[in-house]
$ cat upload.txt   # compact mmCIF, C-alpha atoms and all ligand atoms
# COMPACT_ATOMS: atom_id res chain seq x y z
CA MET A 712 0.00 0.00 0.00
CA ASP A 713 1.31 3.41 -1.00
CA LEU A 714 1.24 5.82 1.95
CA THR A 715 -0.11 8.72 -0.14
CA ASP A 716 -3.16 6.59 -0.99
CA LEU A 717 -3.70 6.48 2.78
CA GLY A 718 -3.48 10.27 3.09
CA TRP A 719 0.22 10.67 3.91
CA ASP A 720 1.61 14.09 2.94
CA ASP A 721 4.18 16.75 3.88
CA PHE A 722 2.35 17.59 7.09
CA PHE A 723 2.80 14.07 8.45
CA GLU A 724 6.27 13.70 6.90
CA GLN A 725 7.35 16.69 8.97
CA GLY A 726 5.92 15.27 12.19
CA PHE A 727 7.59 11.98 11.39
CA SER A 728 11.18 13.25 10.92
CA GLU A 729 12.28 12.75 14.54
CA TYR A 730 10.86 9.20 14.62
CA LYS A 731 12.41 8.37 11.27
CA ARG A 732 15.81 8.95 12.86
CA GLN A 733 14.88 6.40 15.53
CA GLY A 734 14.18 3.82 12.81
CA LEU A 735 10.42 3.75 13.39
CA ILE A 736 7.90 3.09 10.60
CA PRO A 737 4.64 5.03 9.94
CA ALA A 738 1.24 3.41 9.49
CA ARG A 739 -2.40 4.46 9.78
CA VAL A 740 -4.83 3.14 12.38
CA VAL A 741 -7.82 1.51 10.65
CA ARG A 742 -9.48 -0.23 13.60
CA GLU A 743 -9.33 -0.20 17.35
CA HIS A 744 -10.64 -2.80 19.72
CA ARG A 745 -9.84 -2.96 23.42
CA ALA A 746 -6.38 -1.41 23.27
CA ARG A 747 -5.49 -3.44 20.17
CA TYR A 748 -5.04 -1.60 16.89
CA ALA A 749 -5.12 -2.68 13.27
CA ILE A 750 -2.68 -0.49 11.35
CA VAL A 751 -2.03 -0.28 7.61
CA GLY A 752 1.11 0.90 5.83
CA THR A 753 3.77 -0.25 3.42
CA ARG A 754 3.84 -3.66 5.12
CA GLY A 755 0.10 -4.20 4.71
CA GLU A 756 -2.17 -4.69 7.73
CA LEU A 757 -0.59 -5.40 11.10
CA SER A 758 -1.85 -5.88 14.62
CA ALA A 759 -0.37 -3.44 17.14
CA LYS A 760 -0.39 -2.30 20.75
CA VAL A 761 1.05 0.80 22.39
CA SER A 762 4.34 0.70 24.27
CA GLY A 763 4.44 0.67 28.07
CA LYS A 764 6.31 3.95 28.01
CA MET A 765 3.54 5.56 25.98
CA ILE A 766 0.87 4.31 28.39
CA HIS A 767 2.88 5.73 31.27
CA ALA A 768 3.37 9.13 29.63
CA ALA A 769 -0.25 9.52 28.51
CA GLY A 770 -1.98 12.40 30.28
CA SER A 771 -5.43 11.48 28.99
CA ARG A 772 -7.32 9.21 26.70
CA ALA A 773 -6.80 11.63 23.82
CA ASP A 774 -3.07 10.82 23.86
CA PHE A 775 -3.77 7.27 22.71
CA PRO A 776 -4.15 6.40 19.03
CA ALA A 777 -7.62 6.83 17.51
CA VAL A 778 -8.91 5.52 14.20
CA GLY A 779 -7.44 7.69 11.45
CA ASP A 780 -4.26 8.47 13.37
CA TRP A 781 -0.81 8.09 11.93
CA VAL A 782 1.37 6.15 14.36
CA CYS A 783 5.04 5.16 14.47
CA PHE A 784 5.84 1.54 15.18
CA ASP A 785 8.94 -0.54 15.72
CA GLY A 786 9.17 -3.07 12.91
CA GLY A 787 12.37 -4.64 14.23
CA LEU A 788 11.24 -7.93 15.67
CA GLY A 789 8.92 -9.15 12.94
CA GLY A 790 6.11 -11.62 13.38
CA GLY A 791 3.20 -11.20 15.78
CA GLU A 792 2.17 -7.89 17.21
CA VAL A 793 4.14 -4.70 16.60
CA VAL A 794 4.60 -1.93 19.15
CA ILE A 795 3.42 1.67 18.62
CA HIS A 796 5.75 4.27 20.12
CA ALA A 797 4.14 7.52 19.07
CA VAL A 798 1.10 9.19 17.54
CA LEU A 799 1.97 11.84 14.95
CA PRO A 800 0.43 15.32 15.40
CA ARG A 801 -3.16 15.35 14.13
CA ARG A 802 -4.21 17.68 11.35
CA SER A 803 -7.81 17.48 12.50
CA LYS A 804 -9.77 15.54 15.09
CA PHE A 805 -13.43 15.10 15.85
CA SER A 806 -13.67 14.97 19.64
CA ARG A 807 -16.43 14.75 22.18
CA LYS A 808 -16.46 14.69 25.93
CA VAL A 809 -16.57 11.07 27.11
CA ALA A 810 -20.08 10.21 28.17
CA MET A 811 -21.20 10.40 31.82
CA THR A 812 -19.45 12.42 34.45
CA LYS A 813 -15.81 12.22 33.42
CA THR A 814 -14.11 15.36 32.17
CA GLU A 815 -12.10 13.81 29.40
CA GLU A 816 -11.68 14.27 25.68
CA GLN A 817 -12.37 11.33 23.41
CA VAL A 818 -11.06 11.50 19.87
CA VAL A 819 -13.74 9.86 17.75
CA ALA A 820 -11.85 10.14 14.44
CA ALA A 821 -8.50 11.70 13.57
CA ASN A 822 -7.08 13.30 10.43
CA VAL A 823 -10.44 13.61 8.76
CA ASP A 824 -10.98 15.94 5.79
CA THR A 825 -14.78 15.75 5.63
CA VAL A 826 -17.26 14.87 8.36
CA PHE A 827 -20.67 13.67 7.27
CA LEU A 828 -23.21 14.44 9.97
CA VAL A 829 -25.98 11.96 9.32
CA SER A 830 -29.61 12.28 10.47
CA ALA A 831 -32.69 10.40 9.31
CA LEU A 832 -35.70 12.04 7.71
CA GLY A 833 -38.97 10.71 9.05
CA GLY A 834 -39.17 9.97 12.75
CA ASN A 835 -37.70 12.51 15.10
CA LEU A 836 -35.32 14.64 13.10
CA ASN A 837 -34.06 17.09 15.67
CA PRO A 838 -32.43 20.34 14.49
CA ARG A 839 -31.04 20.88 18.01
CA ARG A 840 -29.07 17.65 17.79
CA VAL A 841 -27.84 18.67 14.34
CA GLU A 842 -26.62 21.97 15.88
CA ARG A 843 -24.62 20.05 18.45
CA TYR A 844 -22.92 17.95 15.78
CA VAL A 845 -22.27 21.01 13.64
CA THR A 846 -20.59 22.74 16.60
CA LEU A 847 -18.25 19.79 17.15
CA ALA A 848 -17.58 19.51 13.44
CA TRP A 849 -16.48 23.17 13.19
CA GLU A 850 -14.19 22.56 16.14
CA SER A 851 -12.66 19.48 14.46
CA GLY A 852 -10.83 21.24 11.65
CA ALA A 853 -12.59 19.06 9.03
CA SER A 854 -15.25 20.34 6.62
CA PRO A 855 -18.76 19.36 7.67
CA VAL A 856 -21.48 18.11 5.31
CA ILE A 857 -24.97 17.25 6.58
CA ILE A 858 -26.70 14.14 5.23
CA LEU A 859 -30.44 13.69 5.66
CA ASN A 860 -30.92 9.99 4.92
CA LYS A 861 -34.09 7.90 4.53
CA ALA A 862 -35.68 10.43 2.16
CA ASP A 863 -37.97 7.58 1.04
CA LEU A 864 -39.70 7.68 4.46
CA CYS A 865 -40.45 11.39 4.39
CA THR A 866 -43.43 13.12 2.83
CA ASP A 867 -42.44 16.73 3.56
CA ILE A 868 -38.79 16.83 2.61
CA ALA A 869 -38.83 20.54 1.73
CA ALA A 870 -40.01 21.54 5.23
CA ARG A 871 -37.47 19.31 7.01
CA LEU A 872 -34.73 20.55 4.72
CA SER A 873 -35.46 24.17 5.56
CA ASP A 874 -35.49 23.35 9.34
CA VAL A 875 -32.01 21.91 8.96
CA GLU A 876 -30.70 24.57 6.60
CA ALA A 877 -31.68 27.15 9.23
CA VAL A 878 -29.14 25.64 11.64
CA ALA A 879 -26.65 24.48 9.01
CA HIS A 880 -25.62 28.02 8.34
CA GLY A 881 -24.07 27.52 4.92
CA ILE A 882 -22.90 23.94 5.39
CA PRO A 883 -24.06 21.78 2.46
CA VAL A 884 -27.10 19.61 3.20
CA LEU A 885 -27.56 16.47 1.08
CA VAL A 886 -30.83 14.57 0.88
CA VAL A 887 -30.15 10.85 0.48
CA SER A 888 -31.91 7.52 0.43
CA ALA A 889 -29.50 4.64 0.92
CA LEU A 890 -32.40 2.29 0.33
CA MET A 891 -33.23 3.73 -3.10
CA GLY A 892 -29.66 4.71 -3.92
CA GLU A 893 -30.70 8.36 -4.28
CA GLY A 894 -28.35 11.23 -3.59
CA VAL A 895 -25.42 8.87 -3.20
CA ASP A 896 -23.53 10.42 -6.13
CA GLU A 897 -23.58 13.79 -4.32
CA VAL A 898 -22.04 12.09 -1.29
CA ARG A 899 -19.45 10.45 -3.52
CA SER A 900 -18.50 13.78 -5.05
CA CYS A 901 -17.33 14.93 -1.59
CA LEU A 902 -14.75 12.12 -1.53
CA ALA A 903 -11.34 12.21 -3.15
CA GLU A 904 -8.25 10.08 -3.49
CA GLY A 905 -6.05 10.27 -0.42
CA LYS A 906 -8.79 12.08 1.53
CA THR A 907 -10.66 10.77 4.55
CA ALA A 908 -14.32 11.22 5.41
CA ALA A 909 -15.98 10.19 8.67
CA PHE A 910 -19.65 9.34 9.19
CA LEU A 911 -21.16 10.48 12.48
CA GLY A 912 -24.68 10.47 13.86
CA SER A 913 -27.14 8.63 16.08
CA SER A 914 -27.62 4.89 15.89
CA GLY A 915 -29.94 3.65 13.16
CA VAL A 916 -29.81 6.75 10.93
CA GLY A 917 -28.14 4.67 8.21
CA LYS A 918 -24.44 5.56 8.32
CA SER A 919 -23.28 2.04 7.45
CA SER A 920 -26.03 1.76 4.82
CA VAL A 921 -24.83 4.89 3.01
CA ILE A 922 -21.24 3.62 3.13
CA ASN A 923 -22.33 0.27 1.68
CA CYS A 924 -23.98 2.19 -1.17
CA LEU A 925 -20.71 4.05 -1.81
CA VAL A 926 -18.66 0.87 -1.75
CA GLY A 927 -21.23 -0.89 -3.90
CA GLU A 928 -21.44 -3.97 -1.72
CA ASP A 929 -22.61 -5.04 1.72
CA LEU A 930 -19.29 -4.48 3.38
CA LEU A 931 -20.59 -3.30 6.73
CA GLU A 932 -23.25 -4.85 8.88
CA VAL A 933 -26.51 -2.94 8.84
CA GLY A 934 -29.15 -3.09 11.55
CA GLU A 935 -32.81 -3.66 12.06
CA VAL A 936 -34.76 -0.75 13.44
CA ARG A 937 -37.67 -1.63 15.72
CA ALA A 938 -40.72 -0.30 13.94
CA TRP A 939 -42.61 0.81 17.03
CA ASP A 940 -40.19 3.37 18.39
CA GLY A 941 -37.65 3.85 15.64
CA LYS A 942 -34.91 2.60 17.95
CA GLY A 943 -32.80 -0.47 17.63
CA ARG A 944 -29.65 -1.90 19.08
CA HIS A 945 -26.38 -0.34 18.05
CA ILE A 946 -25.21 -2.24 15.02
CA THR A 947 -21.75 -0.87 14.39
CA THR A 948 -19.74 -1.40 17.55
CA THR A 949 -16.25 -0.31 16.57
CA ARG A 950 -14.86 2.54 14.56
CA GLU A 951 -13.40 1.40 11.29
CA LEU A 952 -11.51 3.03 8.42
CA VAL A 953 -12.49 1.58 5.05
CA ILE A 954 -10.32 2.09 1.98
CA LEU A 955 -12.51 2.61 -1.07
CA PRO A 956 -11.60 0.76 -4.28
CA SER A 957 -12.11 4.05 -6.14
CA GLY A 958 -9.64 5.90 -3.88
CA GLY A 959 -10.37 7.81 -0.70
CA MET A 960 -11.16 6.54 2.75
CA ILE A 961 -14.21 6.42 4.98
CA ILE A 962 -14.46 6.03 8.74
CA ASP A 963 -17.64 4.40 10.00
CA THR A 964 -18.49 5.03 13.64
CA PRO A 965 -21.01 3.51 16.04
CA GLY A 966 -24.04 5.69 16.70
CA MET A 967 -23.67 7.89 19.74
CA ARG A 968 -26.57 8.12 22.14
CA GLU A 969 -25.47 11.41 23.57
CA ILE A 970 -22.92 13.70 22.12
CA GLN A 971 -21.44 16.01 24.71
CA LEU A 972 -19.45 19.03 23.68
CA TRP A 973 -15.71 19.19 24.03
CA GLY A 974 -14.27 22.64 23.39
CA ASP A 975 -13.90 26.11 24.83
CA GLU A 976 -15.61 29.50 24.73
CA THR A 977 -14.64 29.96 21.09
CA SER A 978 -16.32 26.73 19.96
CA LEU A 979 -19.66 28.30 19.07
CA GLY A 980 -18.09 30.88 16.72
CA GLY A 981 -18.45 28.68 13.64
CA SER A 982 -21.81 27.05 14.22
CA PHE A 983 -23.54 30.13 15.69
CA GLU A 984 -21.92 32.86 13.65
CA ASP A 985 -25.37 34.43 13.06
CA VAL A 986 -25.98 34.78 16.82
CA GLU A 987 -22.43 35.91 17.63
CA ASP A 988 -22.43 38.50 14.83
CA ARG A 989 -25.46 40.14 16.41
CA ALA A 990 -24.14 39.77 19.94
CA ARG A 991 -21.15 41.89 18.98
CA GLN A 992 -23.59 44.75 18.40
CA CYS A 993 -25.17 44.53 21.87
CA ARG A 994 -24.60 47.63 24.01
CA PHE A 995 -22.94 45.64 26.79
CA ARG A 996 -20.02 43.39 25.99
CA ASP A 997 -21.13 40.81 28.56
CA CYS A 998 -24.79 40.99 27.50
CA SER A 999 -26.66 37.81 28.44
CA HIS A 1000 -29.33 38.57 25.80
CA LYS A 1001 -32.10 38.25 28.38
CA SER A 1002 -33.31 41.65 29.53
CA GLU A 1003 -30.47 44.12 29.01
CA PRO A 1004 -31.23 47.37 27.14
CA GLY A 1005 -29.65 47.73 23.71
CA CYS A 1006 -29.54 43.95 23.11
CA ALA A 1007 -29.09 43.44 19.37
CA VAL A 1008 -29.88 39.73 19.67
CA LYS A 1009 -33.29 40.38 21.23
CA GLU A 1010 -33.96 43.02 18.60
CA ALA A 1011 -33.18 40.54 15.82
CA ILE A 1012 -35.59 38.02 17.33
CA GLU A 1013 -38.34 40.64 17.61
CA ALA A 1014 -37.70 41.71 14.02
CA GLY A 1015 -38.01 38.07 12.95
CA SER A 1016 -34.51 37.83 11.48
CA LEU A 1017 -33.29 35.38 14.16
CA ASP A 1018 -35.09 32.30 15.46
CA ALA A 1019 -35.74 32.37 19.23
CA ALA A 1020 -35.07 28.62 19.41
CA ARG A 1021 -31.64 29.25 18.00
CA LEU A 1022 -30.78 31.70 20.79
CA LYS A 1023 -32.09 29.24 23.37
CA SER A 1024 -29.93 26.51 21.91
CA TYR A 1025 -26.91 28.85 21.78
CA LEU A 1026 -27.31 29.79 25.46
CA LYS A 1027 -27.70 26.14 26.45
CA LEU A 1028 -24.56 25.04 24.61
CA GLN A 1029 -22.72 28.05 26.02
CA ARG A 1030 -23.65 26.99 29.59
CA GLU A 1031 -22.47 23.48 28.79
CA LEU A 1032 -19.11 24.79 27.59
CA GLU A 1033 -18.79 27.03 30.66
CA SER A 1034 -19.32 24.16 33.05
CA LEU A 1035 -16.87 22.08 31.01
CA ALA A 1036 -14.30 24.89 31.39
CA VAL A 1037 -14.78 24.92 35.16
CA ARG A 1038 -14.34 21.17 35.36
CA LYS A 1039 -11.29 21.18 33.10
CA ASP A 1040 -9.80 23.81 35.36
CA GLN A 1041 -10.49 21.80 38.51
CA LYS A 1042 -8.94 18.77 36.91
CA ALA A 1043 -5.83 20.71 35.89
CA ARG A 1044 -5.45 22.00 39.44
CA LEU A 1045 -5.78 18.51 40.93
CA HIS A 1046 -3.21 17.24 38.47
CA GLU A 1047 -0.86 20.07 39.41
CA LYS A 1048 -1.38 19.37 43.11
CA SER A 1049 -0.56 15.68 42.77
CA LYS A 1050 2.49 16.54 40.71
CA TRP A 1051 3.80 18.84 43.44
CA LYS A 1052 3.06 16.21 46.08
CA LYS A 1053 5.22 13.78 44.13
CA ILE A 1054 8.00 16.33 43.77
CA ALA A 1055 7.85 17.19 47.48
CA LYS A 1056 8.01 13.51 48.40
CA TRP A 1057 10.89 12.94 46.06
CA SER A 1058 12.83 15.94 47.35
CA ARG A 1059 12.31 14.81 50.98
CA GLN A 1060 13.79 11.44 50.09
CA TYR A 1061 16.54 13.08 48.15
CA SER A 1062 17.48 15.44 50.98
CA LYS A 1063 17.58 12.50 53.42
CA HIS A 1064 20.35 10.95 51.35
CA ASP A 1065 22.31 14.11 50.78
CA PRO A 1066 20.96 17.13 52.64
CA LYS A 1067 23.66 19.50 51.39
CA ARG A 1068 22.70 19.18 47.74
CA LEU A 1069 19.30 20.73 48.14
CA GLY A 1070 21.04 23.71 49.72
N1 LIG B 1101 -36.22 3.28 4.59
C1 LIG B 1101 -34.90 3.40 4.69
N2 LIG B 1101 -34.24 2.66 5.57
C2 LIG B 1101 -32.89 2.80 5.64
C3 LIG B 1101 -32.19 3.71 4.82
N3 LIG B 1101 -30.88 3.65 5.15
C4 LIG B 1101 -30.77 2.75 6.14
N4 LIG B 1101 -31.98 2.23 6.44
C5 LIG B 1101 -32.28 1.20 7.46
O1 LIG B 1101 -32.01 1.73 8.73
C6 LIG B 1101 -31.52 0.71 9.60
C7 LIG B 1101 -30.24 1.16 10.26
O2 LIG B 1101 -29.22 1.30 9.28
P1 LIG B 1101 -27.66 1.26 9.64
O3 LIG B 1101 -26.95 1.56 8.38
O4 LIG B 1101 -27.31 0.03 10.37
O5 LIG B 1101 -27.56 2.49 10.66
P2 LIG B 1101 -26.26 3.04 11.40
O6 LIG B 1101 -26.38 4.52 11.42
O7 LIG B 1101 -25.03 2.48 10.79
O8 LIG B 1101 -26.48 2.47 12.89
P3 LIG B 1101 -25.36 2.15 14.01
O9 LIG B 1101 -24.33 1.29 13.37
O10 LIG B 1101 -26.12 1.45 15.12
O11 LIG B 1101 -24.82 3.46 14.47
C8 LIG B 1101 -31.39 -0.53 8.73
O12 LIG B 1101 -32.50 -1.35 8.93
C9 LIG B 1101 -31.35 0.02 7.32
O13 LIG B 1101 -31.83 -0.92 6.37
C10 LIG B 1101 -32.95 4.48 3.87
O14 LIG B 1101 -32.44 5.30 3.11
N5 LIG B 1101 -34.30 4.29 3.86
MG MG B 1102 -23.52 1.35 11.54
ZN ZN B 1103 -27.52 40.98 23.86

$ encode --input "upload.txt" --output "structure tokens"
Amino acid sequence: MDLTDLGWDDFFEQGFSEYKRQGLIPARVVREHRARYAIVGTRGELSAKVSGKMIHAAGSRADFPAVGDWVCFDGGLGGGEVVIHAVLPRRSKFSRKVAMTKTEEQVVAANVDTVFLVSALGGNLNPRRVERYVTLAWESGASPVIILNKADLCTDIAARLSDVEAVAHGIPVLVVSALMGEGVDEVRSCLAEGKTAAFLGSSGVGKSSVINCLVGEDLLEVGEVRAWDGKGRHITTTRELVILPSGGMIIDTPGMREIQLWGDETSLGGSFEDVEDRARQCRFRDCSHKSEPGCAVKEAIEAGSLDAARLKSYLKLQRELESLAVRKDQKARLHEKSKWKKIAKWSRQYSKHDPKRLG
């Protein structure tokens, strides 16, 4: 396999130079399952695990390889599993906060050029959920494209499309039916040789089905949806990078029940540019857009040029990011504290052996 077919370019070559000197070999992560990685490079597909040193040095889960990452492995021993010693700097990454209460970043897909945010028409298409995905996509560094799949199940496509376009804010929206094979060519035209696209969205919206259409065969397992509530079990259980016969790569991901934001106060700038543009014209810089005089956001809502639901959603996501910032900060302080405890302990031991040297 030629590395450029896998997306290798000058950016990664540069990151690789120091590892090249160490005799390490680059490869791309195509699958991950319980701390075991399938990697592909000039030697074909290999099974790999990360080195003990890397595990020890990792500050968080985001420091471990994710699907789409370029890693450096030691090819010296041959046979069996190879050992990954480093992850090359990522050009882009789609991250979320790990579910539940932990304050930790999870990289869902790395080095992605295009992210397809998939929702299903018919059933409960929720523009607020689309907004959430769009926010994370802007933050990722990849270009977002929205797919509304299952067009065959929907009788008022035009209305749903305009609901979504209102929150898409200039991002292309493609109407697709994987079942009928409609709109698939538009999806294909977003792919290119050496480029990587990732499919993200709730379970059952048809991510794997659309990919199967693109590949032209039933490569990925596709699920049953329970008719009575539109829900089913999660079909895709691991993230996987698929290399298309026509060039280009696709990452399939398991549906996410909840997608929590990972980012900072600047994260809403891309997805809520319409709200933030107006907010800059408010009389007070720290306007909360609730009851302050001279609030340009409120004025826009009254004039009908901004949707009230959009402001509500903006404020909600902003609160979520604020509480994330507080928790990140607490975590950083705890980390700092435990580091200084270790140093203090070490210096006490050190001074016991040779009190003079600590002066
Ligand atoms: N009517 C209709 N059904 C579809 C379409 N695309 C997918 N489906 C059905 O929707 C169900 C779920 O499809 P999947 O492709 O497994 O969905 P997924 O998003 O990959 O789900 P997870 O892997 O659980 O995240 C399957 O029964 C598909 O046959 C479509 O365009 N129209
Ligand atoms: Mg799937
Ligand atoms: Zn305001």

$ residues_around --input "upload.txt" --residues "stretch 1015-1029 of chain A" --least-positions-apart "5" --cutoff "9 Å" --atoms "only C-alpha atoms" --output "PyMOL selection string"
chain A and resi 839+842-843+877-878+972+976+978-979+983+985-986+999-1000+1008-1010+1034

$ residues_around --input "upload.txt" --residues "stretch 956-966 of chain A" --least-positions-apart "6" --cutoff "9 Å" --atoms "all atoms listed in the file" --output "PyMOL selection string"
chain A and resi 716-718+741+778-779+819-820+823+902-916+918-919+922+926+931+945-950

$ residues_near_ligand --input "upload.txt" --ligand "ligand ZN 1103 (chain B)" --cutoff "8 Å" --atoms "only C-alpha atoms and all ligand atoms" --output "ChimeraX atom specification"
/A:989-990,992-995,997-1001,1003,1005-1009

$ write_last_selection --input "upload.txt" --atoms "C-alpha atoms" --output "mmCIF file, in the coordinates of the input"
data_model
loop_
_atom_site.group_PDB
_atom_site.id
_atom_site.type_symbol
_atom_site.label_atom_id
_atom_site.label_comp_id
_atom_site.auth_asym_id
_atom_site.auth_seq_id
_atom_site.Cartn_x
_atom_site.Cartn_y
_atom_site.Cartn_z
ATOM 1 C CA ARG A 989 -25.460 40.140 16.410
ATOM 2 C CA ALA A 990 -24.140 39.770 19.940
ATOM 3 C CA GLN A 992 -23.590 44.750 18.400
ATOM 4 C CA CYS A 993 -25.170 44.530 21.870
ATOM 5 C CA ARG A 994 -24.600 47.630 24.010
ATOM 6 C CA PHE A 995 -22.940 45.640 26.790
ATOM 7 C CA ASP A 997 -21.130 40.810 28.560
ATOM 8 C CA CYS A 998 -24.790 40.990 27.500
ATOM 9 C CA SER A 999 -26.660 37.810 28.440
ATOM 10 C CA HIS A 1000 -29.330 38.570 25.800
ATOM 11 C CA LYS A 1001 -32.100 38.250 28.380
ATOM 12 C CA GLU A 1003 -30.470 44.120 29.010
ATOM 13 C CA GLY A 1005 -29.650 47.730 23.710
ATOM 14 C CA CYS A 1006 -29.540 43.950 23.110
ATOM 15 C CA ALA A 1007 -29.090 43.440 19.370
ATOM 16 C CA VAL A 1008 -29.880 39.730 19.670
ATOM 17 C CA LYS A 1009 -33.290 40.380 21.230
#

$ closest_residue --input "upload.txt" --among "A:Ala870, A:Leu955, A:Leu925, A:Leu864" --to "ligand LIG 1101 (chain B)" --atoms "all atoms listed in the file"
A:Leu864

$ residues_near_point --input "upload.txt" --point "(8.1, 6.0, 12.9)" --cutoff "10 Å" --atoms "all atoms listed in the file" --output "list in words"
Glu724, Gly726, Phe727, Ser728, Glu729, Tyr730, Lys731, Arg732, Gln733, Gly734, Leu735, Ile736, Pro737, Ala738, Trp781, Val782, Cys783, Phe784, Asp785, Gly786, Ile795, His796, Ala797, Val798 and Leu799 of chain A

$ write_last_selection --input "upload.txt" --atoms "C-alpha atoms" --output "mmCIF file, in the coordinates of the input"
data_model
loop_
_atom_site.group_PDB
_atom_site.id
_atom_site.type_symbol
_atom_site.label_atom_id
_atom_site.label_comp_id
_atom_site.auth_asym_id
_atom_site.auth_seq_id
_atom_site.Cartn_x
_atom_site.Cartn_y
_atom_site.Cartn_z
ATOM 1 C CA GLU A 724 6.270 13.700 6.900
ATOM 2 C CA GLY A 726 5.920 15.270 12.190
ATOM 3 C CA PHE A 727 7.590 11.980 11.390
ATOM 4 C CA SER A 728 11.180 13.250 10.920
ATOM 5 C CA GLU A 729 12.280 12.750 14.540
ATOM 6 C CA TYR A 730 10.860 9.200 14.620
ATOM 7 C CA LYS A 731 12.410 8.370 11.270
ATOM 8 C CA ARG A 732 15.810 8.950 12.860
ATOM 9 C CA GLN A 733 14.880 6.400 15.530
ATOM 10 C CA GLY A 734 14.180 3.820 12.810
ATOM 11 C CA LEU A 735 10.420 3.750 13.390
ATOM 12 C CA ILE A 736 7.900 3.090 10.600
ATOM 13 C CA PRO A 737 4.640 5.030 9.940
ATOM 14 C CA ALA A 738 1.240 3.410 9.490
ATOM 15 C CA TRP A 781 -0.810 8.090 11.930
ATOM 16 C CA VAL A 782 1.370 6.150 14.360
ATOM 17 C CA CYS A 783 5.040 5.160 14.470
ATOM 18 C CA PHE A 784 5.840 1.540 15.180
ATOM 19 C CA ASP A 785 8.940 -0.540 15.720
ATOM 20 C CA GLY A 786 9.170 -3.070 12.910
ATOM 21 C CA ILE A 795 3.420 1.670 18.620
ATOM 22 C CA HIS A 796 5.750 4.270 20.120
ATOM 23 C CA ALA A 797 4.140 7.520 19.070
ATOM 24 C CA VAL A 798 1.100 9.190 17.540
ATOM 25 C CA LEU A 799 1.970 11.840 14.950
#

$ atom_distance --input "upload.txt" --atom1 "atom CA of A:Ala773" --atom2 "atom CA of A:Ser806"
8.7 Å

$ atom_distance --input "upload.txt" --atom1 "atom CA of A:Ile858" --atom2 "atom CA of A:Ala810"
24.2 Å

$ residues_around --input "upload.txt" --residues "stretch 745-760 of chain A" --least-positions-apart "2" --cutoff "7 Å" --atoms "all atoms listed in the file" --output "list in words"
Met712, Asp713, Leu714, Pro737, Ala738, Arg739, Val740, Val741, Arg742, Glu743, Ser762, Glu792, Val793, Val794 and Ile795 of chain A

$ atom_distance --input "upload.txt" --atom1 "atom CA of A:Lys1039" --atom2 "atom CA of A:Glu850"
17.3 Å

$ closest_residue --input "upload.txt" --among "A:Met891, A:Asn837, A:Val829, A:Ala1055" --to "ligand MG 1102 (chain B)" --atoms "all atoms listed in the file"
A:Val829

$ closest_residue --input "upload.txt" --among "A:Ala777, A:Asp975, A:Glu1031, A:Leu859" --to "A:Glu876" --atoms "all atoms listed in the file"
A:Leu859

$ closest_residue --input "upload.txt" --among "A:Ser1058, A:Gln971, A:Asn923, A:Ser1002" --to "ligand LIG 1101 (chain B)" --atoms "all atoms listed in the file"
A:Asn923

$ residues_around --input "upload.txt" --residues "A:Glu893" --least-positions-apart "5" --cutoff "12 Å" --atoms "all atoms listed in the file" --output "PyMOL selection string"
chain A and resi 858-863+885-888+898-899+921+924-925

$ write_last_selection --input "upload.txt" --atoms "C-alpha atoms" --output "PDB file, keeping the file's coordinate frame"
ATOM      1  CA  ILE A 858     -26.700  14.140   5.230  1.00  0.00           C
ATOM      2  CA  LEU A 859     -30.440  13.690   5.660  1.00  0.00           C
ATOM      3  CA  ASN A 860     -30.920   9.990   4.920  1.00  0.00           C
ATOM      4  CA  LYS A 861     -34.090   7.900   4.530  1.00  0.00           C
ATOM      5  CA  ALA A 862     -35.680  10.430   2.160  1.00  0.00           C
ATOM      6  CA  ASP A 863     -37.970   7.580   1.040  1.00  0.00           C
ATOM      7  CA  LEU A 885     -27.560  16.470   1.080  1.00  0.00           C
ATOM      8  CA  VAL A 886     -30.830  14.570   0.880  1.00  0.00           C
ATOM      9  CA  VAL A 887     -30.150  10.850   0.480  1.00  0.00           C
ATOM     10  CA  SER A 888     -31.910   7.520   0.430  1.00  0.00           C
ATOM     11  CA  VAL A 898     -22.040  12.090  -1.290  1.00  0.00           C
ATOM     12  CA  ARG A 899     -19.450  10.450  -3.520  1.00  0.00           C
ATOM     13  CA  VAL A 921     -24.830   4.890   3.010  1.00  0.00           C
ATOM     14  CA  CYS A 924     -23.980   2.190  -1.170  1.00  0.00           C
ATOM     15  CA  LEU A 925     -20.710   4.050  -1.810  1.00  0.00           C
TER      16      LEU A 925
END

$ residues_around --input "upload.txt" --residues "A:Lys1042" --least-positions-apart "5" --cutoff "10 Å" --atoms "only C-alpha atoms" --output "PyMOL selection string"
chain A and resi 814-815+1036-1037+1047-1048
